[in-house]
file model.cif (mmCIF, C-alpha atoms and all ligand atoms)
data_upload
loop_
_atom_site.label_atom_id
_atom_site.label_comp_id
_atom_site.auth_asym_id
_atom_site.auth_seq_id
_atom_site.Cartn_x
_atom_site.Cartn_y
_atom_site.Cartn_z
CA MET L 266 0.00 0.00 0.00
CA GLN L 267 1.38 3.40 -0.95
CA LEU L 268 1.58 6.46 1.26
CA ASN L 269 -0.82 9.33 0.66
CA LYS L 270 0.31 12.93 0.17
CA ASN L 271 0.35 13.90 3.86
CA GLN L 272 2.11 10.70 4.75
CA GLN L 273 4.73 11.42 2.09
CA ILE L 274 5.46 14.85 3.62
CA ILE L 275 6.02 13.19 6.99
CA ALA L 276 8.28 10.64 5.30
CA GLU L 277 10.49 13.46 3.93
CA LYS L 278 10.86 14.99 7.39
CA ILE L 279 11.83 11.65 8.93
CA LYS L 280 14.44 11.12 6.25
CA ALA L 281 16.05 14.46 6.98
CA LEU L 282 16.31 13.61 10.71
CA LYS L 283 17.71 10.19 9.94
CA ASP L 284 20.39 11.69 7.68
CA ALA L 285 21.38 14.06 10.49
CA ALA L 286 21.67 11.21 13.03
CA GLY L 287 24.51 9.37 11.24
CA SER L 288 24.87 5.70 12.11
CA HIS L 289 22.40 5.68 15.01
CA SER L 290 18.64 6.12 14.66
CA PRO L 291 17.19 9.50 15.65
CA SER L 292 15.75 9.02 19.15
CA ILE L 293 12.03 8.74 19.60
CA PHE L 294 12.13 12.04 21.54
CA THR L 295 13.67 13.83 18.57
CA LEU L 296 11.04 12.42 16.22
CA ILE L 297 8.12 13.38 18.47
CA GLU L 298 9.54 16.84 19.10
CA ARG L 299 10.26 17.67 15.46
CA ILE L 300 7.30 15.94 13.85
CA PRO L 301 4.35 16.33 16.25
CA GLU L 302 1.88 15.06 13.64
CA LEU L 303 3.62 11.68 13.76
CA LYS L 304 1.93 9.27 16.18
CA ILE L 305 4.49 6.78 17.45
CA THR L 306 2.95 4.09 19.62
CA ILE L 307 5.71 1.46 19.72
CA ASP L 308 9.46 1.96 19.62
CA ALA L 309 10.80 -1.33 18.28
CA CYS L 310 14.24 0.17 17.61
CA PHE L 311 15.28 0.26 21.19
CA LEU L 312 16.75 -2.98 22.42
CA SER L 313 15.78 -3.22 26.06
CA ASN L 314 13.80 -5.38 28.44
CA PRO L 315 10.75 -3.25 29.37
CA TYR L 316 9.95 -5.44 32.40
CA ALA L 317 13.38 -4.75 33.85
CA THR L 318 12.74 -1.02 33.51
CA ASP L 319 9.49 -1.49 35.47
CA LEU L 320 11.38 -3.36 38.17
CA PHE L 321 14.06 -0.67 38.47
CA MET L 322 11.38 2.04 38.57
CA ARG L 323 9.68 0.30 41.46
CA TYR L 324 12.89 0.24 43.52
CA LEU L 325 13.68 3.81 42.58
CA GLN L 326 10.23 4.97 43.63
CA GLN L 327 10.29 3.15 46.98
CA GLU L 328 13.88 3.74 47.97
CA LEU L 329 14.68 7.16 46.53
CA CYS L 330 11.47 9.05 45.71
CA ASP L 331 9.29 7.96 48.64
CA THR L 332 12.14 8.66 51.07
CA LYS L 333 14.35 11.74 51.18
CA LYS L 334 17.24 9.95 49.49
CA LEU L 335 16.70 11.32 45.99
CA ARG L 336 17.87 14.70 47.21
CA ASP L 337 21.15 13.16 48.39
CA VAL L 338 21.63 11.48 45.03
CA LEU L 339 21.18 14.80 43.27
CA GLU L 340 22.93 17.08 45.72
CA PHE L 341 26.09 15.15 46.51
CA TYR L 342 28.94 13.77 44.45
CA PRO L 343 28.63 10.14 43.50
CA SER L 344 31.40 7.75 44.51
CA GLN L 345 34.62 7.66 42.58
CA ASN L 346 35.24 5.08 39.88
CA SER L 347 37.33 2.74 42.05
CA VAL L 348 34.71 2.78 44.84
CA ILE L 349 31.93 1.66 42.49
CA ALA L 350 34.34 -0.92 41.06
CA GLU L 351 34.71 -2.31 44.56
CA VAL L 352 30.93 -2.65 44.87
CA LEU L 353 30.83 -4.52 41.54
CA ALA L 354 33.79 -6.72 42.46
CA ASN L 355 31.59 -8.60 44.91
CA ARG L 356 28.93 -9.47 42.36
CA LEU L 357 31.47 -10.38 39.69
CA ASP L 358 33.79 -12.25 42.04
CA LEU L 359 36.83 -10.37 40.75
CA ASP L 360 39.47 -8.05 42.18
CA LYS L 361 38.28 -4.45 42.12
CA GLU L 362 41.50 -3.39 40.40
CA CYS L 363 40.46 -5.08 37.14
CA ILE L 364 37.09 -3.33 36.89
CA PHE L 365 36.66 -0.03 35.09
CA VAL L 366 33.26 1.62 35.49
CA GLY L 367 32.01 3.60 32.51
CA ASN L 368 29.40 6.23 31.79
CA GLY L 369 27.68 3.56 29.73
CA ALA L 370 29.61 0.86 27.89
CA ILE L 371 30.21 3.35 25.12
CA GLU L 372 32.69 5.19 27.36
CA VAL L 373 34.53 1.94 28.04
CA ILE L 374 34.70 1.21 24.30
CA GLN L 375 36.02 4.68 23.63
CA ALA L 376 38.59 4.45 26.45
CA VAL L 377 39.82 1.04 25.29
CA LEU L 378 40.06 1.98 21.62
CA HIS L 379 41.80 5.28 22.34
CA ASN L 380 44.27 3.93 24.88
CA PHE L 381 45.11 0.34 24.00
CA VAL L 382 44.37 -0.09 20.30
CA GLU L 383 47.08 1.57 18.26
CA ARG L 384 47.69 -0.81 15.39
CA LYS L 385 45.48 -3.27 13.56
CA ILE L 386 42.01 -4.29 14.80
CA VAL L 387 39.73 -6.96 13.31
CA VAL L 388 36.01 -6.13 13.54
CA ASN L 389 33.32 -8.57 12.39
CA ILE L 390 30.61 -7.02 10.24
CA PRO L 391 27.76 -6.32 10.51
CA THR L 392 28.57 -4.74 13.88
CA PHE L 393 27.91 -1.99 16.41
CA SER L 394 29.42 0.95 14.51
CA SER L 395 31.40 2.49 17.39
CA TYR L 396 33.99 -0.28 17.15
CA TYR L 397 35.29 1.12 13.89
CA GLU L 398 34.09 4.74 14.16
CA PHE L 399 35.88 5.36 17.48
CA SER L 400 39.16 3.69 16.51
CA ASN L 401 42.23 5.92 16.44
CA THR L 402 42.74 7.48 13.03
CA LYS L 403 46.05 5.63 12.67
CA THR L 404 44.52 2.25 13.55
CA GLU L 405 44.00 -0.06 10.60
CA VAL L 406 40.48 -1.48 10.83
CA VAL L 407 40.18 -4.86 9.10
CA LEU L 408 36.60 -5.96 8.52
CA TYR L 409 35.71 -9.64 8.72
CA GLN L 410 32.46 -10.33 6.89
CA LEU L 411 30.00 -12.68 8.57
CA ALA L 412 28.32 -14.67 5.80
CA LYS L 413 24.65 -14.05 5.07
CA GLU L 414 24.43 -17.55 3.53
CA LYS L 415 25.45 -18.93 6.95
CA ASP L 416 22.92 -16.73 8.78
CA PHE L 417 25.77 -14.47 9.95
CA ALA L 418 27.08 -17.19 12.28
CA LEU L 419 30.80 -16.97 13.04
CA ASP L 420 32.74 -19.90 11.59
CA THR L 421 35.18 -20.50 14.44
CA GLN L 422 37.95 -22.23 12.51
CA ALA L 423 37.84 -19.84 9.55
CA TYR L 424 37.88 -16.89 11.93
CA ILE L 425 40.87 -18.18 13.91
CA GLU L 426 42.77 -18.72 10.66
CA PHE L 427 41.86 -15.25 9.42
CA VAL L 428 43.12 -13.64 12.63
CA LYS L 429 46.33 -15.69 12.58
CA THR L 430 47.02 -14.53 9.00
CA GLN L 431 46.14 -10.88 9.70
CA LYS L 432 48.17 -10.71 12.97
CA PRO L 433 46.13 -7.85 14.46
CA GLN L 434 46.90 -6.24 17.80
CA SER L 435 43.20 -6.41 18.73
CA ILE L 436 39.99 -8.20 17.81
CA VAL L 437 36.36 -7.51 18.73
CA ILE L 438 33.66 -10.10 19.29
CA ILE L 439 30.17 -9.01 20.31
CA ASN L 440 28.27 -11.92 21.81
CA PRO L 441 25.40 -12.07 20.98
CA ASN L 442 26.22 -9.80 18.07
CA ASN L 443 24.48 -6.50 17.34
CA PRO L 444 22.69 -6.16 14.86
CA ASP L 445 22.05 -9.83 13.99
CA GLY L 446 21.84 -11.51 17.39
CA GLY L 447 24.20 -14.32 16.36
CA TYR L 448 25.49 -16.19 19.41
CA ILE L 449 28.77 -18.02 19.86
CA PRO L 450 28.35 -20.80 22.46
CA TYR L 451 30.58 -20.54 25.51
CA GLU L 452 32.92 -23.41 24.66
CA GLU L 453 33.39 -22.20 21.11
CA LEU L 454 34.28 -18.69 22.20
CA ARG L 455 36.62 -20.17 24.77
CA LEU L 456 38.34 -22.06 21.96
CA ILE L 457 38.77 -18.84 19.97
CA ILE L 458 40.29 -17.06 22.96
CA ALA L 459 42.55 -19.99 23.84
CA SER L 460 43.75 -20.21 20.21
CA LEU L 461 44.80 -16.58 20.01
CA PRO L 462 47.20 -15.83 22.88
CA GLU L 463 49.28 -13.66 20.53
CA VAL L 464 46.46 -11.11 20.16
CA GLU L 465 47.13 -8.31 22.65
CA ASN L 466 43.51 -7.27 23.17
CA ILE L 467 40.60 -9.65 22.76
CA ILE L 468 37.60 -7.40 23.22
CA ILE L 469 34.42 -9.32 24.11
CA ASP L 470 31.26 -7.23 24.27
CA GLU L 471 28.58 -8.97 26.35
CA SER L 472 26.02 -6.17 26.25
CA PHE L 473 23.25 -8.59 25.18
CA LEU L 474 24.42 -11.65 27.06
CA HIS L 475 21.52 -11.72 29.52
CA PHE L 476 19.15 -12.48 26.63
CA ALA L 477 21.21 -15.44 25.44
CA PHE L 478 21.06 -18.92 26.88
CA GLU L 479 22.84 -22.22 26.53
CA ASP L 480 19.98 -24.54 27.50
CA ASP L 481 16.30 -24.52 28.39
CA THR L 482 16.92 -23.19 31.89
CA TYR L 483 17.71 -19.85 30.17
CA SER L 484 20.88 -19.38 32.19
CA PHE L 485 23.76 -17.53 30.58
CA LEU L 486 27.52 -17.90 30.89
CA SER L 487 29.72 -14.84 31.12
CA TYR L 488 33.36 -14.62 30.19
CA SER L 489 34.04 -12.53 33.28
CA ALA L 490 35.01 -15.69 35.15
CA LEU L 491 37.52 -16.71 32.48
CA PHE L 492 39.27 -13.40 32.68
CA LYS L 493 41.86 -14.65 35.17
CA GLU L 494 42.90 -17.38 32.75
CA PHE L 495 43.21 -15.12 29.69
CA PRO L 496 44.61 -11.72 30.67
CA ASN L 497 44.41 -10.47 27.06
CA VAL L 498 40.60 -10.43 27.31
CA ILE L 499 38.87 -7.07 27.72
CA LEU L 500 35.25 -7.64 28.60
CA ILE L 501 32.73 -4.88 27.95
CA LYS L 502 29.27 -4.85 29.48
CA SER L 503 26.45 -2.37 29.07
CA MET L 504 23.58 -2.41 31.56
CA SER L 505 21.37 -0.36 29.21
CA LYS L 506 19.66 -3.17 27.33
CA ASP L 507 19.19 -6.01 29.82
CA PHE L 508 18.19 -3.73 32.70
CA GLY L 509 16.34 -1.25 30.48
CA ILE L 510 18.15 1.80 31.86
CA ALA L 511 19.96 3.47 28.93
CA GLY L 512 19.07 6.90 30.32
CA ILE L 513 21.18 6.61 33.45
CA ARG L 514 24.36 5.47 31.62
CA ALA L 515 25.80 2.42 33.35
CA GLY L 516 28.40 0.01 31.99
CA TYR L 517 31.72 -1.50 32.93
CA GLY L 518 34.83 -3.11 31.54
CA ILE L 519 36.92 -5.95 32.94
CA MET L 520 40.57 -5.94 31.95
CA ALA L 521 44.13 -6.39 33.21
CA LYS L 522 44.87 -4.34 36.32
CA ASP L 523 47.57 -2.28 34.64
CA LYS L 524 45.10 -1.23 31.96
CA VAL L 525 42.53 -0.06 34.52
CA ALA L 526 45.29 1.78 36.40
CA ARG L 527 46.37 3.51 33.19
CA LEU L 528 42.84 4.71 32.48
CA LEU L 529 42.25 5.97 36.02
CA GLN L 530 45.62 7.71 36.22
CA ASN L 531 44.42 10.75 34.35
CA GLY L 532 40.66 10.78 34.17
CA TYR L 533 37.25 9.17 34.77
CA LEU L 534 37.09 10.08 38.46
CA TRP L 535 33.34 10.81 38.82
CA ASN L 536 32.13 9.50 35.48
CA SER L 537 29.18 7.61 37.02
CA ASN L 538 26.23 9.72 38.08
CA GLY L 539 24.23 9.27 41.28
CA LEU L 540 21.53 7.19 39.64
CA SER L 541 23.94 4.78 38.01
CA GLU L 542 25.72 4.38 41.35
CA TYR L 543 22.34 3.61 42.90
CA PHE L 544 21.79 1.02 40.16
CA PHE L 545 25.18 -0.65 40.70
CA ARG L 546 24.49 -0.91 44.41
CA LEU L 547 21.14 -2.56 43.60
CA TYR L 548 22.83 -4.91 41.15
CA VAL L 549 24.81 -6.54 43.95
CA ARG L 550 21.77 -7.07 46.16
CA ASN L 551 20.42 -10.62 46.03
CA GLY L 552 16.78 -9.58 46.49
CA PHE L 553 16.92 -7.35 43.44
CA ILE L 554 18.76 -9.93 41.36
CA SER L 555 16.30 -12.70 42.11
CA GLU L 556 13.43 -10.44 41.00
CA TYR L 557 15.46 -9.46 37.96
CA GLU L 558 16.01 -13.13 37.06
CA ASN L 559 12.23 -13.58 36.89
CA VAL L 560 11.70 -10.71 34.46
CA ARG L 561 14.76 -11.71 32.46
CA LYS L 562 13.46 -15.23 31.90
CA LEU L 563 9.90 -14.07 31.25
CA TYR L 564 11.19 -11.67 28.61
CA ILE L 565 13.38 -14.31 26.93
CA GLN L 566 10.39 -16.62 26.71
CA GLN L 567 8.20 -13.94 25.14
CA THR L 568 11.00 -12.91 22.80
CA GLN L 569 11.39 -16.46 21.53
CA GLU L 570 7.61 -16.64 20.92
CA PHE L 571 7.80 -13.32 19.09
CA PHE L 572 10.51 -14.71 16.79
CA THR L 573 8.37 -17.76 16.06
CA HIS L 574 5.41 -15.57 15.07
CA LEU L 575 7.62 -13.30 12.98
CA SER L 576 8.97 -16.24 11.04
CA GLN L 577 5.42 -17.15 9.96
CA ILE L 578 4.83 -13.81 8.20
CA PRO L 579 5.13 -14.00 4.41
CA LYS L 580 7.81 -12.01 2.52
CA LEU L 581 10.02 -11.73 5.60
CA LYS L 582 13.13 -13.73 6.36
CA VAL L 583 13.94 -13.77 10.06
CA TYR L 584 17.56 -14.62 10.88
CA PRO L 585 18.32 -16.71 13.97
CA SER L 586 19.03 -14.63 17.06
CA LYS L 587 19.84 -15.18 20.71
CA ALA L 588 19.49 -11.54 21.56
CA ASN L 589 16.29 -9.58 22.19
CA PHE L 590 16.07 -8.46 18.57
CA ALA L 591 16.36 -10.01 15.14
CA ILE L 592 17.35 -8.82 11.73
CA ILE L 593 14.74 -9.38 9.11
CA GLU L 594 15.17 -9.31 5.37
CA ILE L 595 12.33 -7.61 3.49
CA LEU L 596 11.45 -9.70 0.46
CA ASN L 597 8.49 -7.74 -0.94
CA GLY L 598 10.59 -5.63 -3.31
CA GLU L 599 10.63 -2.50 -1.16
CA THR L 600 13.79 -0.93 0.23
CA SER L 601 14.24 -1.18 3.98
CA THR L 602 13.98 2.61 4.25
CA GLU L 603 10.60 2.60 2.47
CA PHE L 604 9.42 -0.23 4.68
CA VAL L 605 10.50 1.55 7.88
CA MET L 606 8.65 4.72 6.81
CA LYS L 607 5.46 2.79 6.18
CA MET L 608 5.57 1.00 9.51
CA LEU L 609 6.15 4.30 11.27
CA ILE L 610 3.63 6.44 9.45
CA LYS L 611 0.84 3.90 8.94
CA TYR L 612 1.10 1.88 12.16
CA GLY L 613 3.07 4.12 14.53
CA ILE L 614 5.71 1.43 14.91
CA TYR L 615 9.30 2.58 14.83
CA VAL L 616 11.65 -0.11 13.49
CA ARG L 617 15.28 0.34 12.59
CA THR L 618 16.50 0.32 9.04
CA CYS L 619 19.85 -1.40 8.57
CA SER L 620 20.61 0.54 5.38
CA ASP L 621 23.52 2.25 7.14
CA LYS L 622 25.06 -1.00 8.45
CA ILE L 623 28.16 -2.05 6.59
CA GLY L 624 28.33 -5.76 5.86
CA LEU L 625 24.56 -6.17 5.45
CA ASN L 626 23.76 -6.42 1.77
CA GLY L 627 20.07 -6.62 1.07
CA GLU L 628 17.04 -4.92 2.54
CA PHE L 629 17.22 -5.44 6.29
CA ILE L 630 15.44 -4.07 9.32
CA ARG L 631 16.21 -4.78 12.95
CA LEU L 632 13.24 -5.40 15.15
CA ALA L 633 13.36 -5.40 18.95
CA SER L 634 11.13 -7.52 21.16
CA ARG L 635 9.02 -5.33 23.44
CA SER L 636 6.25 -6.18 25.91
CA LYS L 637 3.96 -9.07 24.98
CA GLU L 638 1.15 -6.66 24.11
CA GLU L 639 3.38 -4.55 21.89
CA ASN L 640 4.83 -7.63 20.21
CA THR L 641 1.30 -8.74 19.34
CA LYS L 642 0.59 -5.35 17.73
CA ILE L 643 3.84 -5.52 15.78
CA ILE L 644 2.96 -8.97 14.45
CA GLN L 645 -0.57 -7.86 13.47
CA SER L 646 0.70 -4.75 11.69
CA LEU L 647 3.31 -6.71 9.76
CA HIS L 648 0.72 -9.26 8.71
CA ASN L 649 -1.56 -6.46 7.63
CA GLU L 650 1.12 -4.63 5.66
CA LEU L 651 2.50 -7.69 3.90
CA ARG L 652 -0.84 -9.22 3.04
CA HIS L 653 -1.26 -6.40 0.52
CA SER L 654 2.18 -6.57 -1.02
C1 LIG P 1 24.19 -0.33 23.04
C2 LIG P 1 25.54 -0.98 22.95
C3 LIG P 1 26.62 -0.49 23.66
C4 LIG P 1 26.57 0.81 24.44
O1 LIG P 1 25.84 0.71 25.57
P1 LIG P 1 25.74 1.87 26.66
O2 LIG P 1 26.01 1.21 27.95
O3 LIG P 1 24.34 2.38 26.60
O4 LIG P 1 26.73 2.92 26.34
C5 LIG P 1 27.82 -1.19 23.60
N1 LIG P 1 27.94 -2.30 22.86
C6 LIG P 1 26.91 -2.78 22.12
C7 LIG P 1 27.11 -4.01 21.30
C8 LIG P 1 25.68 -2.13 22.14
O5 LIG P 1 24.68 -2.58 21.38
#
call {"tool": "encode", "arguments": {"input": "model.cif", "output": "structure tokens"}}
result
Amino acid sequence: MQLNKNQQIIAEKIKALKDAAGSHSPSIFTLIERIPELKITIDACFLSNPYATDLFMRYLQQELCDTKKLRDVLEFYPSQNSVIAEVLANRLDLDKECIFVGNGAIEVIQAVLHNFVERKIVVNIPTFSSYYEFSNTKTEVVLYQLAKEKDFALDTQAYIEFVKTQKPQSIVIINPNNPDGGYIPYEELRLIIASLPEVENIIIDESFLHFAFEDDTYSFLSYSALFKEFPNVILIKSMSKDFGIAGIRAGYGIMAKDKVARLLQNGYLWNSNGLSEYFFRLYVRNGFISEYENVRKLYIQQTQEFFTHLSQIPKLKVYPSKANFAIIEILNGETSTEFVMKMLIKYGIYVRTCSDKIGLNGEFIRLASRSKEENTKIIQSLHNELRHS
């Protein structure tokens, strides 16, 4: 179904905002502010667990808002980096000296790339764009293409051989990967790490790990425990997606003690704000974590059901994912940008085009799993749209 005249005008305005936003989508706030006539009801771009946000809100309300503590959080300085690292060290069962707390994982990525990655880095594509955009200008970025024919799964042996031939100083593995959700099982990733002791920095980004699982108990396995065995590993973890708290900026890195010391020597003293400190202190409380485990597992279950329903819609190819989103190839002859516009303007559903993602050839969108109710609306709208194509 084609857009009418008014809808086309809106489409032009969205395109202009998208062009201005570079390799990230314009935020839903920007869209609503600049194009008030646009009615957005579901943001399926943003990759977070909405139930975890509800949980955090409940704690925040009871412990900060309903008491006088919010004032303290706003009025006083938060703790210094190394103090919050000490809090985290308990939960992660690691020495505090190997934890670097970031203003979101993005700050950890930036710090690592700017301080420890000078020479060649291998980045698998498609990827989270910061890993090549934030590299030092002198760093040679070598792109390793994940094959569409193999559903973007990493071929362990081929990858190890590629890295051995390239001899990079650093490599990046996002597990599960963004944007495709491809997951490397624990033992396989362990094999990659064990096979590449000559690589100075093995950067593992586990920002979506809480949505992945190895068996039907939905438990996940983090590389944080293996860190002691492989000191060349730099683990990066965002709390934004799994805890649904991108607005407060909380993330951390785990790396060799001398690296953390180097970063803290001349910066990052109060880079966490009061709310993210409050979150990190919650994160080590068992009561909070057991409630979180319930909403994590509930959300995984609903996400897997969502993927099943998506895969039954005609003219869409859904790629396998162990994250809370999937990439979908549009096979109705439209470009992904056209398709995204239609979903937004006709149904109020904001999905992400992948037209700016290098290494994704074809018409792809990335769709996040939201609440069960929202997922149902997304499925209905897609059915409706594609029935007519
Ligand atoms: C979103 C994202 C980040 C950044 O997370 P923040 O903690 O919000 O800065 C890092 N890595 C990947 C793979 C992401 O998708």
call {"tool": "closest_atom_pairs", "arguments": {"input": "model.cif", "of": "chain L", "to": "ligand LIG 1 (chain P)", "cutoff": "7 Å", "atoms": "all atoms listed in the file", "output": "tab-separated table"}}
result
residue	atom	partner	partner_atom	distance
L:Asn368	CA	P:LIG1	O4	6.9
L:Gly369	CA	P:LIG1	O2	3.4
L:Ala370	CA	P:LIG1	O2	3.6
L:Ile371	CA	P:LIG1	O4	3.7
L:Glu372	CA	P:LIG1	O4	6.5
L:Phe393	CA	P:LIG1	C7	5.4
L:Ile439	CA	P:LIG1	C7	5.9
L:Asn442	CA	P:LIG1	C7	6.7
L:Asn443	CA	P:LIG1	C7	5.4
L:Asp470	CA	P:LIG1	C7	6.0
L:Ser472	CA	P:LIG1	C6	5.4
L:Ser503	CA	P:LIG1	O2	3.8
L:Met504	CA	P:LIG1	O2	5.7
L:Ser505	CA	P:LIG1	O3	4.8
L:Lys506	CA	P:LIG1	C1	6.9
L:Ala511	CA	P:LIG1	O3	5.1
L:Arg514	CA	P:LIG1	O2	5.9
L:Ala515	CA	P:LIG1	O2	5.5
L:Gly516	CA	P:LIG1	O2	4.8
call {"tool": "residues_around", "arguments": {"input": "model.cif", "residues": "region 454-459 of chain L", "least_positions_apart": "5", "cutoff": "7 Å", "atoms": "all atoms listed in the file", "output": "ChimeraX atom specification"}}
result
/L:421,425,449
call {"tool": "atom_distance", "arguments": {"input": "model.cif", "atom1": "CA of Ser394 (chain L)", "atom2": "CA of Asp308 (chain L)"}}
result
20.6 Å
call {"tool": "closest_atom_pairs", "arguments": {"input": "model.cif", "of": "region 348-394 of chain L", "to": "region 491-498 of chain L", "cutoff": "12 Å", "atoms": "all atoms listed in the file", "output": "tab-separated table"}}
result
residue	atom	partner	partner_atom	distance
L:Leu357	CA	L:Phe492	CA	10.9
L:Asp358	CA	L:Lys493	CA	10.9
L:Leu359	CA	L:Lys493	CA	8.6
L:Asp360	CA	L:Lys493	CA	9.9
L:Cys363	CA	L:Phe492	CA	9.5
L:Ile364	CA	L:Phe492	CA	11.1
L:Val377	CA	L:Val498	CA	11.7
L:Phe381	CA	L:Asn497	CA	11.3
call {"tool": "closest_residue", "arguments": {"input": "model.cif", "among": "L:Lys304, L:Ile644, L:Lys524, L:Leu609", "to": "Ser576 (chain L)", "atoms": "only C-alpha atoms"}}
result
L:Ile644
call {"tool": "atom_distance", "arguments": {"input": "model.cif", "atom1": "CA of Ser646 (chain L)", "atom2": "CA of Leu563 (chain L)"}}
result
23.5 Å
call {"tool": "residues_near_point", "arguments": {"input": "model.cif", "point": "(18.4, -11.8, 28.0)", "cutoff": "8 Å", "atoms": "only C-alpha atoms", "output": "list in words"}}
result
Asn314, Phe473, Leu474, His475, Phe476, Ala477, Phe478, Asp507, Arg561, Lys562, Tyr564, Ile565, Ala588 and Asn589 of chain L
call {"tool": "atom_distance", "arguments": {"input": "model.cif", "atom1": "CA of Arg631 (chain L)", "atom2": "CA of Ile499 (chain L)"}}
result
27.1 Å
call {"tool": "closest_residue", "arguments": {"input": "model.cif", "among": "L:Ser487, L:Asn536, L:Ser541, L:Asn531", "to": "Leu325 (chain L)", "atoms": "only C-alpha atoms"}}
result
L:Ser541
call {"tool": "residues_around", "arguments": {"input": "model.cif", "residues": "Ile438 (chain L)", "least_positions_apart": "2", "cutoff": "9 Å", "atoms": "all atoms listed in the file", "output": "list in words"}}
result
Val388, Asn389, Ile436, Asn440, Pro441, Asn442, Ile467, Ile468, Ile469, Asp470 and Glu471 of chain L
call {"tool": "write_last_selection", "arguments": {"input": "model.cif", "atoms": "C-alpha atoms", "output": "PDB file, keeping the file's coordinate frame"}}
result
ATOM      1  CA  VAL L 388      36.010  -6.130  13.540  1.00  0.00           C
ATOM      2  CA  ASN L 389      33.320  -8.570  12.390  1.00  0.00           C
ATOM      3  CA  ILE L 436      39.990  -8.200  17.810  1.00  0.00           C
ATOM      4  CA  ASN L 440      28.270 -11.920  21.810  1.00  0.00           C
ATOM      5  CA  PRO L 441      25.400 -12.070  20.980  1.00  0.00           C
ATOM      6  CA  ASN L 442      26.220  -9.800  18.070  1.00  0.00           C
ATOM      7  CA  ILE L 467      40.600  -9.650  22.760  1.00  0.00           C
ATOM      8  CA  ILE L 468      37.600  -7.400  23.220  1.00  0.00           C
ATOM      9  CA  ILE L 469      34.420  -9.320  24.110  1.00  0.00           C
ATOM     10  CA  ASP L 470      31.260  -7.230  24.270  1.00  0.00           C
ATOM     11  CA  GLU L 471      28.580  -8.970  26.350  1.00  0.00           C
TER      12      GLU L 471
END
call {"tool": "residues_around", "arguments": {"input": "model.cif", "residues": "Glu628 (chain L)", "least_positions_apart": "3", "cutoff": "8 Å", "atoms": "all atoms listed in the file", "output": "list in words"}}
result
Glu594, Ile595, Leu596, Glu599, Thr600, Ser601, Cys619 and Ser620 of chain L
call {"tool": "axis_aligned_box", "arguments": {"input": "model.cif", "around": "region 624-628 of chain L", "padding_each_side": "5 Å", "output": "lines of an AutoDock Vina configuration file"}}
result
center_x = 22.7
center_y = -5.8
center_z = 3.5
size_x = 21.3
size_y = 11.7
size_z = 14.8
call {"tool": "residues_around", "arguments": {"input": "model.cif", "residues": "Tyr396 (chain L)", "least_positions_apart": "3", "cutoff": "9 Å", "atoms": "only C-alpha atoms", "output": "NGL selection string"}}
result
:L and (374-375 or 378 or 388 or 392-393 or 399-400 or 437)
call {"tool": "write_last_selection", "arguments": {"input": "model.cif", "atoms": "C-alpha atoms", "output": "PDB file, keeping the file's coordinate frame"}}
result
ATOM      1  CA  ILE L 374      34.700   1.210  24.300  1.00  0.00           C
ATOM      2  CA  GLN L 375      36.020   4.680  23.630  1.00  0.00           C
ATOM      3  CA  LEU L 378      40.060   1.980  21.620  1.00  0.00           C
ATOM      4  CA  VAL L 388      36.010  -6.130  13.540  1.00  0.00           C
ATOM      5  CA  THR L 392      28.570  -4.740  13.880  1.00  0.00           C
ATOM      6  CA  PHE L 393      27.910  -1.990  16.410  1.00  0.00           C
ATOM      7  CA  PHE L 399      35.880   5.360  17.480  1.00  0.00           C
ATOM      8  CA  SER L 400      39.160   3.690  16.510  1.00  0.00           C
ATOM      9  CA  VAL L 437      36.360  -7.510  18.730  1.00  0.00           C
TER      10      VAL L 437
END
call {"tool": "closest_residue", "arguments": {"input": "model.cif", "among": "L:Val616, L:Ile300, L:Val366, L:Leu461", "to": "Val352 (chain L)", "atoms": "only C-alpha atoms"}}
result
L:Val366
call {"tool": "residues_around", "arguments": {"input": "model.cif", "residues": "Leu581 (chain L)", "least_positions_apart": "3", "cutoff": "12 Å", "atoms": "all atoms listed in the file", "output": "number ranges by chain"}}
result
L: 572, 574-578, 584, 591-599, 601, 604, 628-632, 644, 647-648, 650-652, 654
call {"tool": "closest_residue", "arguments": {"input": "model.cif", "among": "L:Asp481, L:Glu453, L:Glu277, L:Glu383", "to": "Ala418 (chain L)", "atoms": "all atoms listed in the file"}}
result
L:Glu453
call {"tool": "closest_residue", "arguments": {"input": "model.cif", "among": "L:Thr430, L:Ser347, L:Ser586, L:Gln566", "to": "Arg635 (chain L)", "atoms": "all atoms listed in the file"}}
result
L:Gln566
call {"tool": "residues_near_point", "arguments": {"input": "model.cif", "point": "(41.9, 6.3, 35.3)", "cutoff": "12 Å", "atoms": "only C-alpha atoms", "output": "PyMOL selection string"}}
result
chain L and resi 345-347+350+362-367+373+376-377+380+522-536
call {"tool": "closest_residue", "arguments": {"input": "model.cif", "among": "L:Ser292, L:Asn269, L:Ser537, L:Asn626", "to": "Cys310 (chain L)", "atoms": "only C-alpha atoms"}}
result
L:Ser292
